[in-house]
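K.L.:
Sharing target.cif (mmCIF, C-alpha atoms) below.
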```
data_start
loop_
_atom_site.label_atom_id
_atom_site.label_comp_id
_atom_site.auth_asym_id
_atom_site.auth_seq_id
_atom_site.Cartn_x
_atom_site.Cartn_y
_atom_site.Cartn_z
CA MET U 10 0.00 0.00 0.00
CA SER U 11 1.42 3.41 -0.98
CA VAL U 12 2.36 6.07 1.55
CA GLU U 13 -0.20 8.46 0.06
CA ILE U 14 -3.06 6.00 0.57
CA LEU U 15 -1.90 5.17 4.11
CA THR U 16 -1.75 8.88 4.95
CA ILE U 17 -5.29 9.51 3.75
CA LEU U 18 -6.64 6.39 5.46
CA MET U 19 -4.94 7.28 8.75
CA PHE U 20 -6.56 10.71 8.87
CA LEU U 21 -9.96 9.39 7.78
CA THR U 22 -9.81 6.66 10.42
CA LEU U 23 -8.90 9.21 13.08
CA MET U 24 -11.83 11.45 12.12
CA ALA U 25 -14.25 8.49 12.05
CA THR U 26 -13.21 7.17 15.47
CA ILE U 27 -13.43 10.65 17.00
CA ALA U 28 -16.95 11.02 15.57
CA LEU U 29 -17.90 7.76 17.32
CA GLY U 30 -17.20 9.44 20.64
CA HIS U 31 -14.32 7.32 21.91
CA PRO U 32 -11.83 8.91 24.38
CA LEU U 33 -9.39 10.98 22.37
CA ALA U 34 -6.18 9.72 23.97
CA VAL U 35 -7.23 6.10 23.38
CA THR U 36 -8.33 6.92 19.83
CA LEU U 37 -4.98 8.47 18.93
CA ALA U 38 -3.03 5.55 20.39
CA ALA U 39 -5.30 2.94 18.78
CA VAL U 40 -5.10 4.48 15.30
CA ALA U 41 -1.33 4.78 15.69
CA THR U 42 -1.11 1.10 16.68
CA VAL U 43 -3.16 -0.16 13.73
CA PHE U 44 -1.33 1.87 11.10
CA GLY U 45 2.03 1.34 12.78
CA LEU U 46 1.57 -2.42 12.45
CA ILE U 47 0.48 -2.08 8.82
CA ASP U 48 3.51 0.07 8.03
CA ASN U 49 6.14 -2.11 9.75
CA GLY U 50 4.81 -5.45 8.55
CA PHE U 51 3.10 -6.33 11.86
CA ASP U 52 6.34 -6.23 13.82
CA VAL U 53 4.72 -5.99 17.27
CA PRO U 54 7.95 -5.89 19.36
CA GLY U 55 9.38 -3.20 17.09
CA LEU U 56 6.28 -1.03 17.41
CA LEU U 57 6.10 -1.48 21.18
CA GLY U 58 9.76 -0.51 21.44
CA LEU U 59 9.10 2.64 19.39
CA PHE U 60 6.18 3.56 21.62
CA ALA U 61 8.09 2.84 24.84
CA ASN U 62 11.04 5.01 23.81
CA ASN U 63 8.80 7.93 22.91
CA ALA U 64 6.69 7.62 26.08
CA TRP U 65 9.86 7.54 28.19
CA GLY U 66 11.12 10.62 26.36
CA ILE U 67 7.94 12.46 27.35
CA PHE U 68 8.35 11.55 31.01
CA LEU U 69 11.96 12.76 30.97
CA ASN U 70 10.93 16.20 29.64
CA TYR U 71 11.67 18.58 32.53
CA THR U 72 9.63 21.39 30.96
CA LEU U 73 6.42 19.39 31.35
CA VAL U 74 6.82 19.37 35.13
CA ALA U 75 5.41 22.90 34.94
CA ILE U 76 2.02 21.52 33.88
CA PRO U 77 0.87 20.09 37.24
CA LEU U 78 2.40 23.06 39.06
CA PHE U 79 0.50 25.64 37.01
CA ILE U 80 -2.67 23.58 37.30
CA PHE U 81 -2.31 23.38 41.09
CA MET U 82 -1.75 27.15 41.24
CA ALA U 83 -4.92 27.70 39.21
CA GLN U 84 -6.94 25.34 41.40
CA ILE U 85 -5.86 27.07 44.61
CA LEU U 86 -6.65 30.51 43.17
CA ASP U 87 -10.01 29.33 41.92
CA ARG U 88 -11.00 27.95 45.31
CA SER U 89 -9.60 30.92 47.26
CA LYS U 90 -11.99 33.27 45.38
CA VAL U 91 -9.26 35.78 44.49
CA SER U 92 -11.21 36.93 41.44
CA GLU U 93 -14.41 37.68 43.38
CA GLY U 94 -12.97 40.65 45.24
CA LEU U 95 -11.58 42.16 42.04
CA PHE U 96 -14.91 41.68 40.29
CA ASP U 97 -16.80 43.39 43.13
CA ALA U 98 -14.38 46.33 43.06
CA LEU U 99 -14.54 46.79 39.29
CA TYR U 100 -18.32 46.44 39.43
CA ILE U 101 -18.37 49.62 41.53
CA VAL U 102 -15.67 51.41 39.51
CA LEU U 103 -16.97 50.66 35.98
CA GLY U 104 -20.65 49.98 36.69
CA GLY U 105 -21.66 53.57 35.93
CA LEU U 106 -20.57 53.23 32.30
CA ARG U 107 -22.71 51.78 29.52
CA GLY U 108 -21.57 48.19 29.32
CA GLY U 109 -19.44 48.80 32.41
CA LEU U 110 -20.28 45.50 34.06
CA GLY U 111 -19.34 43.66 30.87
CA LEU U 112 -16.08 45.59 30.74
CA ALA U 113 -15.41 44.59 34.35
CA VAL U 114 -15.88 40.92 33.42
CA ILE U 115 -13.31 41.22 30.63
CA VAL U 116 -10.77 43.01 32.85
CA VAL U 117 -11.16 40.47 35.67
CA SER U 118 -10.91 37.57 33.20
CA THR U 119 -7.71 39.07 31.76
CA VAL U 120 -6.12 39.34 35.20
CA PHE U 121 -7.40 35.90 36.17
CA ALA U 122 -6.01 34.47 32.91
CA ALA U 123 -2.56 35.75 33.87
CA THR U 124 -2.73 33.80 37.13
CA THR U 125 -4.34 30.53 36.05
CA GLY U 126 -3.56 29.39 32.51
CA ILE U 127 -6.67 27.17 32.47
CA VAL U 128 -9.82 28.06 30.55
CA GLY U 129 -12.21 25.96 32.61
CA ALA U 130 -11.35 27.76 35.85
CA SER U 131 -11.83 31.22 34.30
CA VAL U 132 -15.11 30.47 32.51
CA VAL U 133 -16.69 28.66 35.46
CA ALA U 134 -15.62 31.34 37.95
CA MET U 135 -16.92 34.20 35.82
CA GLY U 136 -20.03 32.24 34.88
CA LEU U 137 -20.94 31.82 38.55
CA MET U 138 -20.14 35.42 39.50
CA ALA U 139 -21.05 37.46 36.43
CA GLY U 140 -23.70 35.34 34.70
CA PRO U 141 -26.51 36.10 37.18
CA ALA U 142 -25.25 39.67 37.80
CA LEU U 143 -25.41 40.58 34.11
CA LEU U 144 -28.95 39.24 33.88
CA ARG U 145 -30.06 41.17 36.95
CA ARG U 146 -28.71 44.39 35.45
CA GLY U 147 -30.66 43.92 32.22
CA TYR U 148 -27.77 42.98 29.93
CA ASP U 149 -28.52 41.32 26.61
CA THR U 150 -28.35 37.58 27.24
CA ALA U 151 -26.40 36.70 24.08
CA LEU U 152 -23.90 39.50 24.65
CA SER U 153 -23.42 38.43 28.27
CA ALA U 154 -22.75 34.84 27.23
CA GLY U 155 -20.28 36.00 24.57
CA ILE U 156 -18.42 38.21 27.05
CA ILE U 157 -18.00 35.47 29.66
CA CYS U 158 -17.11 32.65 27.25
CA SER U 159 -14.67 34.67 25.13
CA SER U 160 -12.86 36.48 27.93
CA GLY U 161 -12.57 33.18 29.79
CA THR U 162 -10.63 31.68 26.88
CA LEU U 163 -7.84 34.21 27.43
CA GLY U 164 -6.55 31.82 30.08
CA ILE U 165 -5.26 29.44 27.40
CA LEU U 166 -3.19 32.18 25.74
CA ILE U 167 -2.07 34.76 28.29
CA PRO U 168 0.89 33.29 30.20
CA PRO U 169 1.31 31.25 32.25
CA SER U 170 -0.56 29.07 29.77
CA ILE U 171 -0.65 25.27 29.84
CA MET U 172 -0.94 25.26 26.03
CA LEU U 173 2.32 27.20 25.66
CA VAL U 174 4.07 24.82 28.06
CA VAL U 175 2.90 21.87 25.95
CA TYR U 176 3.97 23.57 22.71
CA GLY U 177 7.42 24.36 24.09
CA GLY U 178 7.80 20.79 25.34
CA LEU U 179 6.82 19.46 21.91
CA THR U 180 9.32 21.39 19.83
CA GLY U 181 12.34 21.42 22.11
CA GLN U 182 13.74 24.34 20.09
CA LYS U 183 15.37 27.44 21.55
CA GLU U 184 13.26 29.75 19.36
CA THR U 185 10.06 28.23 20.72
CA SER U 186 11.13 27.64 24.31
CA VAL U 187 8.47 28.14 26.96
CA GLY U 188 10.08 31.41 28.05
CA ASN U 189 9.99 32.79 24.50
CA LEU U 190 6.41 31.64 24.02
CA PHE U 191 5.35 33.29 27.29
CA ALA U 192 6.95 36.57 26.24
CA ALA U 193 5.46 36.32 22.75
CA ALA U 194 1.93 35.70 24.07
CA ILE U 195 1.67 38.79 26.28
CA LEU U 196 0.89 41.40 23.61
CA PRO U 197 -1.42 39.14 21.54
CA GLY U 198 -3.37 38.33 24.72
CA LEU U 199 -3.68 42.01 25.59
CA LEU U 200 -4.66 42.77 21.98
CA LEU U 201 -7.52 40.29 22.18
CA SER U 202 -8.62 41.64 25.54
CA GLY U 203 -8.49 45.17 24.11
CA LEU U 204 -10.59 44.17 21.10
CA TYR U 205 -13.20 42.64 23.41
CA LEU U 206 -13.27 45.80 25.53
CA LEU U 207 -13.56 48.02 22.45
CA TYR U 208 -16.35 45.93 20.95
CA VAL U 209 -18.43 45.79 24.14
CA GLY U 210 -17.86 49.46 24.89
CA ILE U 211 -18.88 50.63 21.41
CA ARG U 212 -21.85 48.30 21.11
CA CYS U 213 -23.28 49.26 24.50
CA TYR U 214 -22.62 52.96 23.88
CA LEU U 215 -24.56 52.82 20.62
CA ASN U 216 -27.31 50.68 22.14
CA PRO U 217 -27.55 51.23 25.91
CA LYS U 218 -30.22 48.54 26.23
CA MET U 219 -27.51 45.94 25.48
CA GLY U 220 -25.61 46.88 28.64
CA PRO U 221 -27.23 49.52 30.84
CA PRO U 222 -25.22 51.22 33.60
CA ILE U 223 -26.00 50.38 37.21
CA PRO U 224 -28.62 52.66 38.86
CA ALA U 225 -27.46 55.95 40.32
CA GLU U 226 -28.47 54.88 43.83
CA ASP U 227 -25.89 52.06 43.66
CA ARG U 228 -23.11 54.49 42.74
CA THR U 229 -22.41 55.89 46.17
CA ALA U 230 -18.68 55.11 46.53
CA THR U 231 -16.31 58.07 46.53
CA VAL U 232 -13.26 58.30 44.27
CA GLY U 233 -11.00 57.46 47.19
CA GLN U 234 -13.06 54.41 48.10
CA LYS U 235 -12.96 53.21 44.50
CA ILE U 236 -9.17 53.56 44.37
CA THR U 237 -8.77 51.77 47.70
CA MET U 238 -11.06 48.90 46.69
CA THR U 239 -9.34 48.45 43.34
CA MET U 240 -5.81 48.51 44.75
CA LYS U 241 -6.70 46.18 47.62
CA ASN U 242 -8.08 43.56 45.26
CA PHE U 243 -5.73 44.15 42.31
CA VAL U 244 -2.33 44.17 44.03
CA PRO U 245 -2.36 40.53 45.31
CA PRO U 246 -3.03 38.84 41.94
CA PHE U 247 -0.77 41.34 40.16
CA GLY U 248 1.99 40.53 42.64
CA LEU U 249 1.56 36.85 41.82
CA ILE U 250 1.77 37.64 38.09
CA LEU U 251 5.03 39.52 38.67
CA THR U 252 6.37 36.63 40.73
CA VAL U 253 5.71 34.08 38.00
CA MET U 254 6.30 36.06 34.80
CA GLY U 255 8.91 38.44 36.17
CA THR U 256 11.26 35.65 37.24
CA ILE U 257 10.93 33.96 33.83
CA LEU U 258 11.41 37.10 31.72
CA ALA U 259 14.27 38.31 33.92
CA GLY U 260 16.04 34.98 33.48
CA ILE U 261 16.02 34.30 37.20
CA ALA U 262 13.97 31.11 37.01
CA THR U 263 12.95 28.53 34.44
CA PRO U 264 9.20 28.19 33.72
CA THR U 265 9.11 25.09 35.91
CA GLU U 266 10.79 26.88 38.81
CA ALA U 267 8.52 29.90 38.34
CA ALA U 268 5.50 27.59 38.41
CA ALA U 269 6.65 26.30 41.79
CA LEU U 270 6.96 29.90 43.02
CA GLY U 271 3.45 30.51 41.70
CA CYS U 272 2.12 27.61 43.75
CA VAL U 273 3.68 29.09 46.89
CA GLY U 274 2.25 32.51 46.03
CA ALA U 275 -1.23 31.08 45.47
CA LEU U 276 -1.08 29.29 48.84
CA VAL U 277 -0.03 32.55 50.52
CA LEU U 278 -2.91 34.47 48.91
CA ALA U 279 -5.36 31.79 50.00
CA LEU U 280 -3.91 31.87 53.54
CA VAL U 281 -4.12 35.66 53.78
CA GLY U 282 -7.68 35.55 52.47
CA ARG U 283 -8.53 32.89 55.09
CA LYS U 284 -9.54 30.44 52.38
CA LEU U 285 -6.74 27.92 52.88
CA THR U 286 -8.39 24.90 54.41
CA TRP U 287 -7.55 21.22 54.31
CA GLU U 288 -10.56 20.66 52.03
CA VAL U 289 -9.33 23.33 49.58
CA ILE U 290 -5.88 21.73 49.41
CA THR U 291 -7.32 18.22 49.04
CA GLN U 292 -9.73 19.18 46.26
CA ALA U 293 -7.02 21.17 44.48
CA CYS U 294 -4.68 18.18 44.58
CA ILE U 295 -7.36 15.81 43.27
CA SER U 296 -8.31 18.16 40.43
CA THR U 297 -4.64 18.70 39.59
CA ALA U 298 -4.00 14.96 39.43
CA ARG U 299 -7.03 14.36 37.20
CA THR U 300 -6.26 17.22 34.80
CA THR U 301 -2.57 16.34 34.59
CA ALA U 302 -3.39 12.70 33.93
CA MET U 303 -5.77 13.71 31.14
CA ILE U 304 -3.20 15.99 29.51
CA MET U 305 -0.41 13.42 29.76
CA ALA U 306 -2.65 10.68 28.36
CA LEU U 307 -3.40 12.95 25.40
CA PHE U 308 0.29 13.76 25.14
CA ILE U 309 1.24 10.09 24.94
CA GLY U 310 -1.55 9.18 22.51
CA GLY U 311 -0.77 12.17 20.31
CA LYS U 312 2.95 11.40 20.39
CA PHE U 313 2.28 7.82 19.26
CA PHE U 314 0.12 9.11 16.41
CA SER U 315 2.66 11.67 15.20
CA VAL U 316 5.58 9.21 15.45
CA VAL U 317 3.80 6.60 13.33
CA PHE U 318 2.51 9.22 10.89
CA LEU U 319 5.97 10.67 10.36
CA SER U 320 7.80 7.33 10.31
CA MET U 321 5.60 5.99 7.52
CA GLY U 322 6.23 9.16 5.48
CA GLY U 323 2.93 10.94 6.05
CA GLY U 324 4.69 14.17 6.94
CA ASP U 325 6.56 14.10 3.63
CA VAL U 326 3.29 13.56 1.75
CA VAL U 327 1.68 16.61 3.37
CA SER U 328 4.86 18.64 2.89
CA ASP U 329 5.14 17.70 -0.78
CA VAL U 330 1.51 18.65 -1.41
CA LEU U 331 1.72 22.03 0.32
CA LEU U 332 5.21 22.99 -0.82
CA GLY U 333 4.52 21.74 -4.34
CA MET U 334 1.75 24.27 -4.81
CA GLU U 335 2.92 27.18 -6.96
CA VAL U 336 1.38 29.80 -4.71
CA SER U 337 2.50 32.42 -2.20
CA PRO U 338 3.83 31.07 1.11
CA TYR U 339 0.98 32.92 2.80
CA VAL U 340 -1.54 30.88 0.84
CA VAL U 341 0.05 27.73 2.26
CA PHE U 342 0.00 29.40 5.68
CA LEU U 343 -3.71 30.15 5.23
CA ILE U 344 -4.36 26.50 4.37
CA MET U 345 -2.55 25.35 7.53
CA MET U 346 -4.43 27.85 9.70
CA THR U 347 -7.74 26.77 8.16
CA VAL U 348 -6.96 23.12 8.94
CA VAL U 349 -6.16 24.03 12.56
CA PHE U 350 -9.35 26.13 12.82
CA PHE U 351 -11.65 23.37 11.59
CA MET U 352 -9.89 20.70 13.64
CA GLY U 353 -10.56 22.91 16.65
CA MET U 354 -14.29 22.49 16.13
CA PHE U 355 -14.05 18.77 16.86
CA ILE U 356 -10.79 17.93 18.64
CA ASP U 357 -9.16 18.98 21.91
CA TRP U 358 -6.41 21.60 21.58
CA ALA U 359 -3.74 19.31 23.06
CA ALA U 360 -4.41 16.59 20.51
CA ILE U 361 -4.34 19.15 17.69
CA LEU U 362 -0.94 20.41 18.81
CA LEU U 363 0.42 16.89 19.07
CA VAL U 364 -0.78 16.07 15.56
CA VAL U 365 -0.11 19.27 13.60
CA VAL U 366 3.06 20.67 15.19
CA PRO U 367 5.36 17.86 13.98
CA ILE U 368 3.79 18.09 10.51
CA PHE U 369 3.33 21.83 9.99
CA THR U 370 6.42 23.20 11.76
CA PRO U 371 8.93 21.81 9.20
CA ILE U 372 6.76 23.19 6.39
CA ALA U 373 6.69 26.62 8.04
CA MET U 374 10.49 26.51 8.36
CA ASP U 375 10.86 25.60 4.66
CA LEU U 376 8.72 28.65 3.86
CA ASP U 377 11.07 30.82 5.98
CA PHE U 378 8.44 31.81 8.52
CA ASN U 379 9.71 32.91 11.92
CA PRO U 380 9.24 29.78 14.11
CA LEU U 381 8.13 31.80 17.14
CA TRP U 382 5.65 33.82 15.08
CA PHE U 383 4.25 30.65 13.50
CA ALA U 384 3.97 28.93 16.89
CA MET U 385 1.99 31.83 18.33
CA MET U 386 -0.29 32.01 15.28
CA VAL U 387 -1.16 28.34 15.79
CA CYS U 388 -1.81 28.90 19.51
CA ILE U 389 -3.94 32.01 18.95
CA ASN U 390 -5.87 30.10 16.29
CA LEU U 391 -6.44 27.27 18.74
CA GLN U 392 -8.01 29.70 21.20
CA THR U 393 -10.99 29.83 18.86
CA SER U 394 -11.46 26.08 19.39
CA PHE U 395 -12.90 26.84 22.83
CA LEU U 396 -15.67 28.92 21.26
CA THR U 397 -16.49 27.25 17.96
CA PRO U 398 -19.45 24.83 17.83
CA PRO U 399 -20.19 22.00 18.06
CA PHE U 400 -17.60 21.11 20.73
CA GLY U 401 -16.39 24.48 22.06
CA TYR U 402 -15.42 23.66 25.64
CA SER U 403 -16.04 27.18 26.97
CA LEU U 404 -19.64 27.01 25.80
CA PHE U 405 -20.31 23.87 27.81
CA TYR U 406 -18.30 25.06 30.83
CA PHE U 407 -20.50 28.16 30.92
CA LYS U 408 -23.75 26.32 30.24
CA GLY U 409 -23.01 24.00 33.14
CA VAL U 410 -23.02 26.84 35.70
CA ALA U 411 -25.21 29.47 33.99
CA PRO U 412 -28.83 30.33 34.89
CA PRO U 413 -31.48 28.69 32.66
CA GLU U 414 -31.99 31.93 30.70
CA TYR U 415 -28.72 31.17 28.91
CA THR U 416 -29.85 28.57 26.36
CA MET U 417 -27.34 26.90 24.02
CA ALA U 418 -28.85 28.78 21.07
CA THR U 419 -28.29 32.07 22.91
CA ILE U 420 -24.73 31.12 23.80
CA TYR U 421 -23.93 30.14 20.20
CA LYS U 422 -25.35 33.46 19.00
CA GLY U 423 -23.36 35.40 21.57
CA ILE U 424 -19.93 34.02 20.69
CA ILE U 425 -20.10 34.75 16.94
CA PRO U 426 -18.83 38.37 17.19
CA PHE U 427 -16.01 37.30 19.51
CA VAL U 428 -14.84 34.53 17.17
CA ALA U 429 -14.79 37.19 14.45
CA LEU U 430 -12.64 39.39 16.72
CA GLN U 431 -10.20 36.51 17.24
CA ILE U 432 -9.89 36.18 13.46
CA VAL U 433 -9.34 39.95 13.21
CA ALA U 434 -6.51 39.59 15.75
CA LEU U 435 -4.94 36.78 13.71
CA VAL U 436 -5.05 38.85 10.53
CA THR U 437 -3.60 41.84 12.39
CA MET U 438 -0.62 39.77 13.50
CA VAL U 439 0.00 38.61 9.94
CA PHE U 440 0.49 42.24 8.90
CA PHE U 441 2.18 43.27 12.16
CA PRO U 442 4.30 40.30 13.30
CA GLY U 443 6.16 42.53 15.73
CA ILE U 444 3.19 42.20 18.09
CA ILE U 445 4.45 38.67 18.66
CA THR U 446 8.20 39.02 18.26
CA TYR U 447 8.87 42.33 20.03
CA LEU U 448 8.89 41.26 23.69
CA PRO U 449 10.93 38.07 23.12
CA SER U 450 13.56 40.23 21.37
CA VAL U 451 13.59 42.60 24.35
CA PHE U 452 13.88 39.96 27.06
CA PHE U 453 15.76 37.16 25.30
CA GLY U 454 17.40 38.87 22.33
CA ASN U 455 15.59 36.71 19.74
#
```
Show me this structure written as structure tokens.
P.N.:
Amino acid sequence: MSVEILTILMFLTLMATIALGHPLAVTLAAVATVFGLIDNGFDVPGLLGLFANNAWGIFLNYTLVAIPLFIFMAQILDRSKVSEGLFDALYIVLGGLRGGLGLAVIVVSTVFAATTGIVGASVVAMGLMAGPALLRRGYDTALSAGIICSSGTLGILIPPSIMLVVYGGLTGQKETSVGNLFAAAILPGLLLSGLYLLYVGIRCYLNPKMGPPIPAEDRTATVGQKITMTMKNFVPPFGLILTVMGTILAGIATPTEAAALGCVGALVLALVGRKLTWEVITQACISTARTTAMIMALFIGGKFFSVVFLSMGGGDVVSDVLLGMEVSPYVVFLIMMTVVFFMGMFIDWAAILLVVVPIFTPIAMDLDFNPLWFAMMVCINLQTSFLTPPFGYSLFYFKGVAPPEYTMATIYKGIIPFVALQIVALVTMVFFPGIITYLPSVFFGN
């Protein structure tokens, strides 16, 4: 059987098994096993040896130790209710503006994203706090859902991000080290947050019924009280951000070491806030173990898939097709981004990275794209996977904690403008790549 036919059959089989609803990690490993045996003439010991070596290589990857540490930090912060105080303060500060409560949600989600790195924690936390509050204040239901779901996805992009840690561990290249990826993600994350703020502000200004200001009788705090409330609730999480990101960007600590510092900082914040109980620690540890196990299972299954795919020549087939097209390199880039976008509608982000990075990265290098820029474009693109139907995780995270007024149809309607804004951000960074590459050049000289 030719390599071309095997390549097509492998992808079709993967898509079919995913559609059947089997666990993704098992699906990736199973498809890899079947086609690995076909490719190597059913040499079972040889295939098992290949899998064992690659699995052992994953477990020896020191960078990946940061994953459970960042997850634990996020779990402690989520349970210590750090974001609630900031939301209450910004509710008072911005509530008098049209769309002010929606703007407060975006700001809090941006800060929370810089302390968690996990989408689920951000969306659930804001869904519980802001979902009912936005309804009570007469906000448009679809707009409210879009604000919470989209701003919650910033946690997967703004560092410290688990996705960036996985990407850096996959490539093992200096240009796309975790430190470089963290630095590169700061401005794109702030750009997205700024676009969300601009959109909500303009839309509610033009149509106040979409996001009315809070009543005058609720706006009794003085300027001094507003400043005090904001600083009191903003300084602790901002201090944690500086602890984690500052040590990485200053070259004082590796991402793994900074993640450990972040865990200590999160425990201190929980202790100061009198939220650090044995139950909080226990539940955080259990959730960390479960999430880490899920990510590592996907990592192993995806690694098996990519190893078999590349060893049988599938990567060369894809490369020959894309590089053989007599078109602009940016047309090939558009094709790769489109593939990632549509895969994001059906497959978990971790599995997509594990499948496409080994295939697309060499093609991007042959086209002379900056490896760091290309890596960030893939990651920003993958952020849309949390919002795009039918399997956008943020939509289901929010639906699980939202009041019944937020129907799935309303949620789907609400996220459309924000997906469009994410695409606008992607296009912007094609024309202005310095948004991605500037900070890494400042901190690391890349």
K.L.:
Just say which residues the PyMOL selection byres ((chain U and resi 422) around 10) picks in this file, as a list in words.
P.N.:
Thr150, Ala151, Leu152, Ala154, Gly155, Thr416, Met417, Ala418, Thr419, Ile420, Tyr421, Gly423, Ile424, Ile425 and Pro426 of chain U
K.L.:
What does the PyMOL selection byres ((chain U and resi 453) around 12) select in this file, as a ChimeraX atom specification?
P.N.:
/U:183-193,257-260,446-452,454-455
K.L.:
Of the residues U:Ala194, U:Ala38, U:Leu73, U:Ser11, which is the one nearest to U:Glu266, using only C-alpha atoms?
P.N.:
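Among the listed residues, U:Leu73 lies closest to U:Glu266.
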K.L.:
Counting all atoms listed in the file, which of U:Val433, U:Cys388, U:Ser131, U:Gly108 gets nearest to U:Tyr214?
P.N.:
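So, comparing all the options, the nearest one is U:Gly108.
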K.L.:
Here is a test: counting all atoms listed in the file, which residue of U:Leu206, U:Leu106, U:Leu86, U:Gly322 is nearest to U:Pro224?
P.N.:
U:Leu106
K.L.:
Go through the shown structure with the PyMOL selection byres ((chain U and resi 252) around 8) and write out the matching residues as a PyMOL selection string.
P.N.:
chain U and resi 248-251+253-256+267+270-271+274
K.L.:
Pick from U:Leu103, U:Leu196, U:Ile361, U:Leu110: nearest to U:Leu23, with all atoms listed in the file counted?
P.N.:
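Closest residue, counting all atoms listed in the file: U:Ile361.
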K.L.:
Using only C-alpha atoms, which of the listed residues (U:Phe60, U:Phe81, U:Phe441, U:Phe407) sits closest to U:Ser153?
P.N.:
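Of U:Phe60, U:Phe81, U:Phe441, U:Phe407, the one nearest U:Ser153, counting only C-alpha atoms, is U:Phe407.
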K.L.:
With all atoms listed in the file as the atoms that count, which of U:Phe313, U:Tyr205, U:Phe44, U:Phe350 lies nearest to U:Ala61?
P.N.:
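For U:Ala61, the nearest of the given residues is U:Phe313.
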K.L.:
Excluding U:Met172 and any residue of its chain fewer than 6 positions from it, enumerate the residues within 10 Å of it, using all atoms listed in the file, and give them as an MDAnalysis selection string.
P.N.:
chainID U and resid 76 126:127 164:166 178 187 190 358:359 362 388 391:392
K.L.:
With C-alpha atoms kept, could you save the residues just selected as a PDB file, keeping the file's coordinate frame?
P.N.:
```pdb
ATOM      1  CA  ILE U  76       2.020  21.520  33.880  1.00  0.00           C
ATOM      2  CA  GLY U 126      -3.560  29.390  32.510  1.00  0.00           C
ATOM      3  CA  ILE U 127      -6.670  27.170  32.470  1.00  0.00           C
ATOM      4  CA  GLY U 164      -6.550  31.820  30.080  1.00  0.00           C
ATOM      5  CA  ILE U 165      -5.260  29.440  27.400  1.00  0.00           C
ATOM      6  CA  LEU U 166      -3.190  32.180  25.740  1.00  0.00           C
ATOM      7  CA  GLY U 178       7.800  20.790  25.340  1.00  0.00           C
ATOM      8  CA  VAL U 187       8.470  28.140  26.960  1.00  0.00           C
ATOM      9  CA  LEU U 190       6.410  31.640  24.020  1.00  0.00           C
ATOM     10  CA  TRP U 358      -6.410  21.600  21.580  1.00  0.00           C
ATOM     11  CA  ALA U 359      -3.740  19.310  23.060  1.00  0.00           C
ATOM     12  CA  LEU U 362      -0.940  20.410  18.810  1.00  0.00           C
ATOM     13  CA  CYS U 388      -1.810  28.900  19.510  1.00  0.00           C
ATOM     14  CA  LEU U 391      -6.440  27.270  18.740  1.00  0.00           C
ATOM     15  CA  GLN U 392      -8.010  29.700  21.200  1.00  0.00           C
TER      16      GLN U 392
END
```
K.L.:
Any idea what the distance is between atom CA of U:Val117 and atom CA of U:Leu381?
P.N.:
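Computed distance, atom CA of U:Val117 to atom CA of U:Leu381, equals 28.1 Å.
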K.L.:
Please compute the atom CA of U:Trp382-atom CA of U:Ile445 distance, one decimal, in Å.
P.N.:
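Computing the Euclidean distance for atom CA of U:Trp382 and atom CA of U:Ile445 yields 6.1 Å.
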